[in-house]
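Enquirer: To start, I am sharing the structure in question, which I have written as structure tokens.
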Amino acid sequence: MASTYLPTWLHLPHIPHTLDLRRLYNHPVTLGSALLAYIGLSTAWFLVKDLYSYYVLLPADVRGTLSRRPSVYFWSGSIRLVRALRGLDGTDARPIRRFVQREQQGVYGRAFLRDGELGERRPPRPELLTQGIPHRQVPQVLDEKLSEALEARYHALAKAYPQLTIGPSLIEPNALALFYTSPSPPAQLHPDIAVEPSSPLIEFAHIHHSDNSQHIVLAPLDAAEAIEKGWAVRFPLAGGGGVAGQEGRVMVYAPRDEGEVKVVGMLAERGVQWDMAEVV
């Protein structure tokens, strides 16, 4: 392999007792070694900056939890790497629609959003803290009145549907969640509920108090429409199967005004209707 030599004008001057240093500095370096050194140093610098940003920007509501562990950071990093290589940023709904087309179970072909019910969201989309875990938006929308209005929508849903209960999330710290009381036998449930751990309470929606965004399990067709119209972004693990891997799991962006509170609250209700749907 070709070697790269430093030009003579860059050689160290002759200084007594520095022979070994001069030999090391003026030693020819192969292009391959130089390239590997550059890649190694660049990777190390990226990891240092990214790890620092991850911990500094990590929302206050998840600090001190599992998301602070280095293992979770590297797990999140692996998710981000796969998504980057596949060109996925969560705003493309085509994989969801392809899933519905090839899925044989009729329940996945159902939609609960009525025609024309969901309009286009005013741009821009918020950015994400990371493409992995934790899943939060930036900037964080922390309007106290909007937070209270959004929580009021959850309480209203819990009163309107006897199968629902409301309380602190079992998944996220500092989050208000809606739980679906699982009927017996579980075979009556559609697959999105059956994959969750056996429990009388199934958590399918919660509000993050750090930014007012929500995680909701929607019908896949409803999730696709919410993404396409700018209201939501796909959850990083969605489509992977198992717990938290439902096709319709999305993050709904935080409302910016009272009108948007009504829209995102309506999406939460459509999630309620989907999760209580019977398999036919």
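Just so we're on the same page: first chain in the structure tokens is A, next is B, and so on; residues restart at 1 for each chain, and ligands are numbered from 1 in the order they show up.
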Among segment 72-171 of chain A, which ones does DSSP assign to strand (DSSP E) (computed from the backbone)? Answer as a ChimeraX atom specification.
Expert: /A:127-128,137-138,164-168
Enquirer: Produce a table with one row for each residue of segment 146-239 of chain A that has an atom at most 8 Å from any atom of segment 107-126 of chain A, each row naming the nearest atom pair and its distance in Å at one decimal; use only C-alpha atoms; arrange rows by chain and rising residue number; format as JSON lines.
Expert:
{"residue": "A:His190", "atom": "CA", "partner": "A:Val107", "partner_atom": "CA", "distance": 7.2}
{"residue": "A:Ala219", "atom": "CA", "partner": "A:Ala111", "partner_atom": "CA", "distance": 6.2}
{"residue": "A:Pro220", "atom": "CA", "partner": "A:Tyr108", "partner_atom": "CA", "distance": 6.6}
{"residue": "A:Leu221", "atom": "CA", "partner": "A:Ala111", "partner_atom": "CA", "distance": 5.6}
{"residue": "A:Asp222", "atom": "CA", "partner": "A:Ala111", "partner_atom": "CA", "distance": 5.8}
{"residue": "A:Ala226", "atom": "CA", "partner": "A:Leu118", "partner_atom": "CA", "distance": 7.6}
{"residue": "A:Lys229", "atom": "CA", "partner": "A:Glu120", "partner_atom": "CA", "distance": 4.8}
{"residue": "A:Gly230", "atom": "CA", "partner": "A:Arg121", "partner_atom": "CA", "distance": 5.2}
{"residue": "A:Trp231", "atom": "CA", "partner": "A:Arg121", "partner_atom": "CA", "distance": 5.9}
Enquirer: Here is a test: counting only C-alpha atoms, which residue of A:Val272, A:Ala238, A:Val48, A:Ala232 is nearest to Ala160 of chain A?
Expert: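 Counting only C-alpha atoms, the residue closest to Ala160 of chain A is A:Val272.
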Enquirer: Find the spatial neighbours of Ala152 of chain A, counting only C-alpha atoms, within a cut-off of 12 Å - ignore same-chain residues fewer than 6 positions away - and output them as a list in words.
Expert: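 Answer for this query is Lys145, Leu146, Ala158, Lys159, Ile166, Leu176, Ile207, Val261, Lys262 and Gly265 of chain A.
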Enquirer: Could you dump the residues just selected with all heavy atoms as an mmCIF file, in the first residue's frame?
Expert:
data_model
loop_
_atom_site.group_PDB
_atom_site.id
_atom_site.type_symbol
_atom_site.label_atom_id
_atom_site.label_comp_id
_atom_site.auth_asym_id
_atom_site.auth_seq_id
_atom_site.Cartn_x
_atom_site.Cartn_y
_atom_site.Cartn_z
ATOM 1 N N LYS A 145 -51.794 25.657 30.898
ATOM 2 C CA LYS A 145 -53.214 25.568 30.566
ATOM 3 C C LYS A 145 -53.477 24.446 29.568
ATOM 4 O O LYS A 145 -54.467 23.716 29.680
ATOM 5 C CB LYS A 145 -53.706 26.901 30.009
ATOM 6 C CG LYS A 145 -53.766 28.020 31.044
ATOM 7 C CD LYS A 145 -54.358 29.285 30.453
ATOM 8 C CE LYS A 145 -54.472 30.382 31.504
ATOM 9 N NZ LYS A 145 -55.037 31.636 30.926
ATOM 10 N N LEU A 146 -52.586 24.308 28.586
ATOM 11 C CA LEU A 146 -52.761 23.240 27.608
ATOM 12 C C LEU A 146 -52.557 21.875 28.261
ATOM 13 O O LEU A 146 -53.248 20.907 27.915
ATOM 14 C CB LEU A 146 -51.785 23.425 26.446
ATOM 15 C CG LEU A 146 -51.968 24.689 25.597
ATOM 16 C CD1 LEU A 146 -50.960 24.719 24.460
ATOM 17 C CD2 LEU A 146 -53.389 24.778 25.052
ATOM 18 N N ALA A 158 -61.932 8.535 30.613
ATOM 19 C CA ALA A 158 -62.050 7.526 31.662
ATOM 20 C C ALA A 158 -63.471 7.462 32.216
ATOM 21 O O ALA A 158 -63.950 6.392 32.613
ATOM 22 C CB ALA A 158 -61.057 7.819 32.781
ATOM 23 N N LYS A 159 -64.167 8.602 32.227
ATOM 24 C CA LYS A 159 -65.550 8.621 32.703
ATOM 25 C C LYS A 159 -66.512 8.095 31.636
ATOM 26 O O LYS A 159 -67.519 7.464 31.951
ATOM 27 C CB LYS A 159 -65.945 10.042 33.099
ATOM 28 C CG LYS A 159 -65.262 10.549 34.361
ATOM 29 C CD LYS A 159 -65.738 11.954 34.707
ATOM 30 C CE LYS A 159 -65.070 12.466 35.981
ATOM 31 N NZ LYS A 159 -65.523 13.848 36.314
ATOM 32 N N ILE A 166 -57.722 5.493 34.904
ATOM 33 C CA ILE A 166 -56.690 6.501 34.687
ATOM 34 C C ILE A 166 -55.792 6.559 35.906
ATOM 35 O O ILE A 166 -56.244 6.351 37.040
ATOM 36 C CB ILE A 166 -57.328 7.882 34.400
ATOM 37 C CG1 ILE A 166 -56.269 8.891 33.945
ATOM 38 C CG2 ILE A 166 -58.111 8.387 35.600
ATOM 39 C CD1 ILE A 166 -56.865 10.187 33.409
ATOM 40 N N LEU A 176 -49.182 10.612 32.827
ATOM 41 C CA LEU A 176 -50.557 10.224 33.128
ATOM 42 C C LEU A 176 -51.023 9.255 32.054
ATOM 43 O O LEU A 176 -50.887 9.537 30.856
ATOM 44 C CB LEU A 176 -51.464 11.456 33.151
ATOM 45 C CG LEU A 176 -52.936 11.202 33.488
ATOM 46 C CD1 LEU A 176 -53.081 10.781 34.946
ATOM 47 C CD2 LEU A 176 -53.770 12.451 33.203
ATOM 48 N N ILE A 207 -49.530 10.583 28.615
ATOM 49 C CA ILE A 207 -49.050 11.941 28.337
ATOM 50 C C ILE A 207 -47.716 12.129 29.043
ATOM 51 O O ILE A 207 -47.606 11.901 30.249
ATOM 52 C CB ILE A 207 -50.037 13.007 28.855
ATOM 53 C CG1 ILE A 207 -51.439 12.779 28.302
ATOM 54 C CG2 ILE A 207 -49.542 14.407 28.506
ATOM 55 C CD1 ILE A 207 -52.499 13.631 28.986
ATOM 56 N N VAL A 261 -55.458 20.787 21.130
ATOM 57 C CA VAL A 261 -55.814 19.913 22.253
ATOM 58 C C VAL A 261 -56.998 19.036 21.863
ATOM 59 O O VAL A 261 -57.036 17.834 22.153
ATOM 60 C CB VAL A 261 -56.141 20.740 23.512
ATOM 61 C CG1 VAL A 261 -56.757 19.846 24.592
ATOM 62 C CG2 VAL A 261 -54.891 21.406 24.058
ATOM 63 N N LYS A 262 -57.979 19.622 21.186
ATOM 64 C CA LYS A 262 -59.153 18.854 20.765
ATOM 65 C C LYS A 262 -58.767 17.757 19.780
ATOM 66 O O LYS A 262 -59.283 16.635 19.852
ATOM 67 C CB LYS A 262 -60.187 19.789 20.136
ATOM 68 C CG LYS A 262 -60.771 20.807 21.104
ATOM 69 C CD LYS A 262 -61.767 21.719 20.406
ATOM 70 C CE LYS A 262 -62.345 22.751 21.373
ATOM 71 N NZ LYS A 262 -63.295 23.674 20.697
ATOM 72 N N GLY A 265 -56.656 15.059 21.593
ATOM 73 C CA GLY A 265 -57.569 14.350 22.482
ATOM 74 C C GLY A 265 -58.470 13.407 21.707
ATOM 75 O O GLY A 265 -58.781 12.297 22.164
#
Enquirer: Name the residues in contact with His206 of chain A at a cut-off of 10 Å, using only C-alpha atoms, excluding same-chain residues fewer than 4 positions from it; report them as number ranges by chain.
Expert: A: 151, 154, 166-172, 174-179, 212-217, 251, 268
Enquirer: Quick one: distance from atom CA of Gly240 of chain A to atom CA of Leu267 of chain A in Å, one decimal?
Expert: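 Distance reported for this atom pair: 22.5 Å.
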Enquirer: Just asking: which residues within segment 116-240 of chain A are alpha helix (DSSP H) according to DSSP, as a ChimeraX atom specification?
Expert: /A:144-160,191-194,220-228
Enquirer: Skip segment 82-94 of chain A itself and residues of its chain fewer than 2 positions away, then list as a PDB file with C-alpha atoms, in the first residue's frame all residues within 7 Å of it, counting only C-alpha atoms.
Expert:
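What ended up in around_15.pdb:
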ATOM      1  CA  SER A  78     -28.352   0.746  17.833  1.00  0.00           C
ATOM      2  CA  ILE A  79     -31.964   1.639  17.029  1.00  0.00           C
ATOM      3  CA  ARG A  80     -30.883   4.990  15.615  1.00  0.00           C
ATOM      4  CA  ILE A  96     -47.751   0.670   7.928  1.00  0.00           C
ATOM      5  CA  ARG A  97     -49.951   0.659   4.839  1.00  0.00           C
ATOM      6  CA  ARG A  98     -47.964  -2.229   3.350  1.00  0.00           C
ATOM      7  CA  ALA A 224     -50.767   6.066   9.029  1.00  0.00           C
ATOM      8  CA  ILE A 227     -48.391  10.475  10.452  1.00  0.00           C
ATOM      9  CA  GLU A 228     -49.197  11.577   6.908  1.00  0.00           C
ATOM     10  CA  VAL A 233     -44.390  10.159  14.316  1.00  0.00           C
ATOM     11  CA  ARG A 234     -43.933   6.409  14.403  1.00  0.00           C
ATOM     12  CA  PHE A 235     -42.588   4.852  17.597  1.00  0.00           C
TER      13      PHE A 235
END
Enquirer: Could you check the closest approach to Glu144 of chain A for each of A:Gln246, A:Gln163, A:Thr181, A:Ser210 and tell me which residue wins, using only C-alpha atoms?
Expert: A:Ser210
